[in-house]
file data20.pdb (PDB, C-alpha atoms)
ATOM      1  CA  MET C  27       0.000   0.000   0.000  1.00  0.00           C
ATOM      2  CA  ASP C  28       1.201   3.436  -0.872  1.00  0.00           C
ATOM      3  CA  ASN C  29       0.140   5.955   1.782  1.00  0.00           C
ATOM      4  CA  SER C  30       2.237   8.807   0.465  1.00  0.00           C
ATOM      5  CA  GLY C  31       0.622  11.905   1.904  1.00  0.00           C
ATOM      6  CA  VAL C  32      -2.840  10.462   2.423  1.00  0.00           C
ATOM      7  CA  GLY C  33      -3.908  11.074   6.000  1.00  0.00           C
ATOM      8  CA  TRP C  34      -0.369  11.926   7.107  1.00  0.00           C
ATOM      9  CA  MET C  35       1.375  15.242   7.285  1.00  0.00           C
ATOM     10  CA  ASN C  36       4.763  15.556   5.739  1.00  0.00           C
ATOM     11  CA  GLY C  37       7.478  17.702   7.314  1.00  0.00           C
ATOM     12  CA  ILE C  38       6.548  20.974   5.623  1.00  0.00           C
ATOM     13  CA  GLU C  39       2.844  20.670   6.426  1.00  0.00           C
ATOM     14  CA  LEU C  40       3.639  19.818  10.042  1.00  0.00           C
ATOM     15  CA  ALA C  41       6.008  22.781  10.377  1.00  0.00           C
ATOM     16  CA  LEU C  42       3.453  25.140   8.821  1.00  0.00           C
ATOM     17  CA  SER C  43       0.742  23.835  11.144  1.00  0.00           C
ATOM     18  CA  ILE C  44       2.928  24.383  14.203  1.00  0.00           C
ATOM     19  CA  ILE C  45       3.926  27.882  13.053  1.00  0.00           C
ATOM     20  CA  GLY C  46       0.283  28.698  12.314  1.00  0.00           C
ATOM     21  CA  GLY C  47      -0.696  27.507  15.781  1.00  0.00           C
ATOM     22  CA  PHE C  48       1.941  29.705  17.421  1.00  0.00           C
ATOM     23  CA  ILE C  49       0.823  32.707  15.372  1.00  0.00           C
ATOM     24  CA  PHE C  50      -2.800  32.072  16.347  1.00  0.00           C
ATOM     25  CA  ILE C  51      -1.882  31.881  20.038  1.00  0.00           C
ATOM     26  CA  GLN C  52       0.142  35.102  19.794  1.00  0.00           C
ATOM     27  CA  ILE C  53      -2.746  36.908  18.107  1.00  0.00           C
ATOM     28  CA  GLN C  54      -5.067  35.752  20.881  1.00  0.00           C
ATOM     29  CA  LEU C  55      -2.633  36.954  23.557  1.00  0.00           C
ATOM     30  CA  VAL C  56      -2.256  40.351  21.900  1.00  0.00           C
ATOM     31  CA  GLY C  57      -6.041  40.667  21.760  1.00  0.00           C
ATOM     32  CA  MET C  58      -6.359  39.796  25.452  1.00  0.00           C
ATOM     33  CA  VAL C  59      -3.692  42.334  26.442  1.00  0.00           C
ATOM     34  CA  ARG C  60      -5.366  45.043  24.340  1.00  0.00           C
ATOM     35  CA  TRP C  61      -8.707  44.296  26.008  1.00  0.00           C
ATOM     36  CA  LEU C  62      -7.163  44.444  29.487  1.00  0.00           C
ATOM     37  CA  VAL C  63      -5.325  47.700  28.790  1.00  0.00           C
ATOM     38  CA  LYS C  64      -8.473  49.268  27.351  1.00  0.00           C
ATOM     39  CA  HIS C  65     -10.531  48.367  30.408  1.00  0.00           C
ATOM     40  CA  TYR C  66      -7.866  49.360  32.947  1.00  0.00           C
ATOM     41  CA  LEU C  67      -7.328  52.716  31.250  1.00  0.00           C
ATOM     42  CA  SER C  68     -11.063  53.380  31.244  1.00  0.00           C
ATOM     43  CA  GLU C  69     -10.934  53.283  35.058  1.00  0.00           C
ATOM     44  CA  LEU C  70      -8.460  56.179  35.070  1.00  0.00           C
ATOM     45  CA  VAL C  71     -10.769  58.573  33.245  1.00  0.00           C
ATOM     46  CA  PRO C  72     -13.502  60.434  35.177  1.00  0.00           C
ATOM     47  CA  ASN C  73     -16.957  59.215  34.146  1.00  0.00           C
ATOM     48  CA  SER C  74     -19.479  60.865  36.476  1.00  0.00           C
ATOM     49  CA  GLY C  75     -18.819  58.900  39.612  1.00  0.00           C
ATOM     50  CA  SER C  76     -18.000  55.247  39.133  1.00  0.00           C
ATOM     51  CA  SER C  77     -14.361  55.281  38.041  1.00  0.00           C
ATOM     52  CA  ILE C  78     -11.319  55.018  40.284  1.00  0.00           C
ATOM     53  CA  LYS C  79     -10.341  58.555  39.250  1.00  0.00           C
ATOM     54  CA  ASP C  80     -13.689  59.892  40.529  1.00  0.00           C
ATOM     55  CA  GLN C  81     -13.252  58.051  43.812  1.00  0.00           C
ATOM     56  CA  ILE C  82      -9.762  59.508  44.280  1.00  0.00           C
ATOM     57  CA  ASN C  83     -11.095  62.991  43.548  1.00  0.00           C
ATOM     58  CA  ARG C  84     -13.802  62.532  46.208  1.00  0.00           C
ATOM     59  CA  LEU C  85     -11.250  61.327  48.757  1.00  0.00           C
ATOM     60  CA  GLU C  86      -9.014  64.315  48.052  1.00  0.00           C
ATOM     61  CA  ALA C  87     -11.964  66.689  48.486  1.00  0.00           C
ATOM     62  CA  ARG C  88     -12.884  65.064  51.809  1.00  0.00           C
ATOM     63  CA  GLN C  89      -9.268  65.234  52.961  1.00  0.00           C
ATOM     64  CA  HIS C  90      -9.178  68.932  52.100  1.00  0.00           C
ATOM     65  CA  GLU C  91     -12.429  69.527  54.041  1.00  0.00           C
ATOM     66  CA  ILE C  92     -10.972  67.790  57.107  1.00  0.00           C
ATOM     67  CA  TYR C  93      -7.785  69.822  56.803  1.00  0.00           C
ATOM     68  CA  VAL C  94      -9.737  73.090  56.554  1.00  0.00           C
ATOM     69  CA  HIS C  95     -11.901  72.066  59.529  1.00  0.00           C
ATOM     70  CA  PHE C  96      -8.860  71.434  61.745  1.00  0.00           C
ATOM     71  CA  MET C  97      -7.123  74.620  60.595  1.00  0.00           C
ATOM     72  CA  ASN C  98     -10.183  76.731  61.423  1.00  0.00           C
ATOM     73  CA  LYS C  99     -10.770  75.097  64.799  1.00  0.00           C
ATOM     74  CA  ASP C 100      -9.758  77.225  67.792  1.00  0.00           C
ATOM     75  CA  ILE C 101      -7.625  75.264  70.191  1.00  0.00           C
TER      76      ILE C 101
END
call {"tool": "encode", "arguments": {"input": "data20.pdb", "output": "structure tokens"}}
result
Amino acid sequence: MDNSGVGWMNGIELALSIIGGFIFIQIQLVGMVRWLVKHYLSELVPNSGSSIKDQINRLEARQHEIYVHFMNKDI
């Protein structure tokens, strides 16, 4: 029986399949990193109250109010 190439991968096809698999995995990883960066950066932009930046701004305002309160208090 001559099974030359039927149902079996030769060296070039195997190498191309492996390289294609690595490229596919790298593309998936790049997509995941882009998604993560996009969502983390969105937390650093004020958006009317729910972002980390808005929370930091509120904490700074409260800290300033406490500071002003203690500075104005007669001891």
call {"tool": "axis_aligned_box", "arguments": {"input": "data20.pdb", "around": "stretch 41-54 of chain C", "padding_each_side": "5 Å", "output": "AutoDock Vina command-line options"}}
result
--center_x 0.5 --center_y 29.8 --center_z 14.9 --size_x 21.1 --size_y 24.1 --size_z 22.1
call {"tool": "atom_distance", "arguments": {"input": "data20.pdb", "atom1": "atom CA of C:Val63", "atom2": "atom CA of C:Gly47"}}
result
24.5 Å
call {"tool": "atom_distance", "arguments": {"input": "data20.pdb", "atom1": "atom CA of C:Lys79", "atom2": "atom CA of C:Asn98"}}
result
28.7 Å
call {"tool": "closest_residue", "arguments": {"input": "data20.pdb", "among": "C:Gly46, C:Glu69, C:Ile38, C:Val94", "to": "C:Ile82", "atoms": "only C-alpha atoms"}}
result
C:Glu69
call {"tool": "atom_distance", "arguments": {"input": "data20.pdb", "atom1": "atom CA of C:Ile78", "atom2": "atom CA of C:Leu62"}}
result
15.7 Å
call {"tool": "residues_around", "arguments": {"input": "data20.pdb", "residues": "C:Ser77", "least_positions_apart": "5", "cutoff": "12 Å", "atoms": "only C-alpha atoms", "output": "list of chain:residue names"}}
result
C:His65, C:Tyr66, C:Leu67, C:Ser68, C:Glu69, C:Leu70, C:Val71, C:Pro72, C:Ile82, C:Asn83, C:Arg84
call {"tool": "build_atoms", "arguments": {"input": "data20.pdb", "residues": "stretch 52-85 of chain C", "atoms": "N, CA and C atoms", "output": "PDB file, in the frame of the given file"}}
result
ATOM      1  N   GLN C  52      -0.380  33.759  19.580  1.00  0.00           N
ATOM      2  CA  GLN C  52       0.142  35.102  19.794  1.00  0.00           C
ATOM      3  C   GLN C  52      -0.913  36.162  19.490  1.00  0.00           C
ATOM      4  N   ILE C  53      -1.681  35.960  18.445  1.00  0.00           N
ATOM      5  CA  ILE C  53      -2.746  36.908  18.107  1.00  0.00           C
ATOM      6  C   ILE C  53      -3.772  36.951  19.223  1.00  0.00           C
ATOM      7  N   GLN C  54      -4.113  35.798  19.775  1.00  0.00           N
ATOM      8  CA  GLN C  54      -5.067  35.752  20.881  1.00  0.00           C
ATOM      9  C   GLN C  54      -4.520  36.474  22.108  1.00  0.00           C
ATOM     10  N   LEU C  55      -3.247  36.274  22.413  1.00  0.00           N
ATOM     11  CA  LEU C  55      -2.633  36.954  23.557  1.00  0.00           C
ATOM     12  C   LEU C  55      -2.601  38.462  23.369  1.00  0.00           C
ATOM     13  N   VAL C  56      -2.269  38.912  22.181  1.00  0.00           N
ATOM     14  CA  VAL C  56      -2.256  40.351  21.900  1.00  0.00           C
ATOM     15  C   VAL C  56      -3.665  40.919  22.066  1.00  0.00           C
ATOM     16  N   GLY C  57      -4.660  40.217  21.603  1.00  0.00           N
ATOM     17  CA  GLY C  57      -6.041  40.667  21.760  1.00  0.00           C
ATOM     18  C   GLY C  57      -6.443  40.750  23.220  1.00  0.00           C
ATOM     19  N   MET C  58      -6.039  39.774  24.026  1.00  0.00           N
ATOM     20  CA  MET C  58      -6.359  39.796  25.452  1.00  0.00           C
ATOM     21  C   MET C  58      -5.679  40.970  26.141  1.00  0.00           C
ATOM     22  N   VAL C  59      -4.417  41.219  25.822  1.00  0.00           N
ATOM     23  CA  VAL C  59      -3.692  42.334  26.442  1.00  0.00           C
ATOM     24  C   VAL C  59      -4.334  43.659  26.044  1.00  0.00           C
ATOM     25  N   ARG C  60      -4.707  43.809  24.790  1.00  0.00           N
ATOM     26  CA  ARG C  60      -5.366  45.043  24.340  1.00  0.00           C
ATOM     27  C   ARG C  60      -6.669  45.256  25.088  1.00  0.00           C
ATOM     28  N   TRP C  61      -7.439  44.199  25.287  1.00  0.00           N
ATOM     29  CA  TRP C  61      -8.707  44.296  26.008  1.00  0.00           C
ATOM     30  C   TRP C  61      -8.462  44.721  27.455  1.00  0.00           C
ATOM     31  N   LEU C  62      -7.469  44.095  28.097  1.00  0.00           N
ATOM     32  CA  LEU C  62      -7.163  44.444  29.487  1.00  0.00           C
ATOM     33  C   LEU C  62      -6.710  45.890  29.616  1.00  0.00           C
ATOM     34  N   VAL C  63      -5.822  46.328  28.733  1.00  0.00           N
ATOM     35  CA  VAL C  63      -5.325  47.700  28.790  1.00  0.00           C
ATOM     36  C   VAL C  63      -6.477  48.680  28.584  1.00  0.00           C
ATOM     37  N   LYS C  64      -7.339  48.397  27.632  1.00  0.00           N
ATOM     38  CA  LYS C  64      -8.473  49.268  27.351  1.00  0.00           C
ATOM     39  C   LYS C  64      -9.352  49.417  28.580  1.00  0.00           C
ATOM     40  N   HIS C  65      -9.642  48.314  29.258  1.00  0.00           N
ATOM     41  CA  HIS C  65     -10.531  48.367  30.408  1.00  0.00           C
ATOM     42  C   HIS C  65      -9.852  48.964  31.644  1.00  0.00           C
ATOM     43  N   TYR C  66      -8.563  48.735  31.825  1.00  0.00           N
ATOM     44  CA  TYR C  66      -7.866  49.360  32.947  1.00  0.00           C
ATOM     45  C   TYR C  66      -7.742  50.861  32.738  1.00  0.00           C
ATOM     46  N   LEU C  67      -7.454  51.286  31.520  1.00  0.00           N
ATOM     47  CA  LEU C  67      -7.328  52.716  31.250  1.00  0.00           C
ATOM     48  C   LEU C  67      -8.662  53.431  31.390  1.00  0.00           C
ATOM     49  N   SER C  68      -9.760  52.742  31.102  1.00  0.00           N
ATOM     50  CA  SER C  68     -11.063  53.380  31.244  1.00  0.00           C
ATOM     51  C   SER C  68     -11.366  53.704  32.701  1.00  0.00           C
ATOM     52  N   GLU C  69     -10.739  52.998  33.635  1.00  0.00           N
ATOM     53  CA  GLU C  69     -10.934  53.283  35.058  1.00  0.00           C
ATOM     54  C   GLU C  69     -10.198  54.552  35.486  1.00  0.00           C
ATOM     55  N   LEU C  70      -9.259  55.018  34.707  1.00  0.00           N
ATOM     56  CA  LEU C  70      -8.460  56.179  35.070  1.00  0.00           C
ATOM     57  C   LEU C  70      -9.016  57.486  34.512  1.00  0.00           C
ATOM     58  N   VAL C  71     -10.139  57.398  33.830  1.00  0.00           N
ATOM     59  CA  VAL C  71     -10.769  58.573  33.245  1.00  0.00           C
ATOM     60  C   VAL C  71     -12.052  58.865  34.020  1.00  0.00           C
ATOM     61  N   PRO C  72     -12.265  60.120  34.455  1.00  0.00           N
ATOM     62  CA  PRO C  72     -13.502  60.434  35.177  1.00  0.00           C
ATOM     63  C   PRO C  72     -14.732  60.154  34.310  1.00  0.00           C
ATOM     64  N   ASN C  73     -15.749  59.527  34.914  1.00  0.00           N
ATOM     65  CA  ASN C  73     -16.957  59.215  34.146  1.00  0.00           C
ATOM     66  C   ASN C  73     -18.217  59.387  34.994  1.00  0.00           C
ATOM     67  N   SER C  74     -18.303  60.476  35.683  1.00  0.00           N
ATOM     68  CA  SER C  74     -19.479  60.865  36.476  1.00  0.00           C
ATOM     69  C   SER C  74     -19.707  59.998  37.699  1.00  0.00           C
ATOM     70  N   GLY C  75     -18.653  59.483  38.299  1.00  0.00           N
ATOM     71  CA  GLY C  75     -18.819  58.900  39.612  1.00  0.00           C
ATOM     72  C   GLY C  75     -18.380  57.482  39.844  1.00  0.00           C
ATOM     73  N   SER C  76     -18.263  56.660  38.852  1.00  0.00           N
ATOM     74  CA  SER C  76     -18.000  55.247  39.133  1.00  0.00           C
ATOM     75  C   SER C  76     -16.570  54.798  38.834  1.00  0.00           C
ATOM     76  N   SER C  77     -15.728  55.691  38.343  1.00  0.00           N
ATOM     77  CA  SER C  77     -14.361  55.281  38.041  1.00  0.00           C
ATOM     78  C   SER C  77     -13.458  55.479  39.254  1.00  0.00           C
ATOM     79  N   ILE C  78     -12.299  54.870  39.210  1.00  0.00           N
ATOM     80  CA  ILE C  78     -11.319  55.018  40.284  1.00  0.00           C
ATOM     81  C   ILE C  78     -10.880  56.478  40.385  1.00  0.00           C
ATOM     82  N   LYS C  79     -10.739  57.142  39.251  1.00  0.00           N
ATOM     83  CA  LYS C  79     -10.341  58.555  39.250  1.00  0.00           C
ATOM     84  C   LYS C  79     -11.362  59.394  40.010  1.00  0.00           C
ATOM     85  N   ASP C  80     -12.652  59.154  39.811  1.00  0.00           N
ATOM     86  CA  ASP C  80     -13.689  59.892  40.529  1.00  0.00           C
ATOM     87  C   ASP C  80     -13.616  59.623  42.029  1.00  0.00           C
ATOM     88  N   GLN C  81     -13.353  58.389  42.391  1.00  0.00           N
ATOM     89  CA  GLN C  81     -13.252  58.051  43.812  1.00  0.00           C
ATOM     90  C   GLN C  81     -12.058  58.750  44.454  1.00  0.00           C
ATOM     91  N   ILE C  82     -10.944  58.812  43.758  1.00  0.00           N
ATOM     92  CA  ILE C  82      -9.762  59.508  44.280  1.00  0.00           C
ATOM     93  C   ILE C  82     -10.058  60.995  44.432  1.00  0.00           C
ATOM     94  N   ASN C  83     -10.743  61.569  43.457  1.00  0.00           N
ATOM     95  CA  ASN C  83     -11.095  62.991  43.548  1.00  0.00           C
ATOM     96  C   ASN C  83     -11.983  63.255  44.759  1.00  0.00           C
ATOM     97  N   ARG C  84     -12.944  62.358  45.031  1.00  0.00           N
ATOM     98  CA  ARG C  84     -13.802  62.532  46.208  1.00  0.00           C
ATOM     99  C   ARG C  84     -12.995  62.424  47.494  1.00  0.00           C
ATOM    100  N   LEU C  85     -12.079  61.470  47.559  1.00  0.00           N
ATOM    101  CA  LEU C  85     -11.250  61.327  48.757  1.00  0.00           C
ATOM    102  C   LEU C  85     -10.382  62.562  48.986  1.00  0.00           C
TER     103      LEU C  85
END
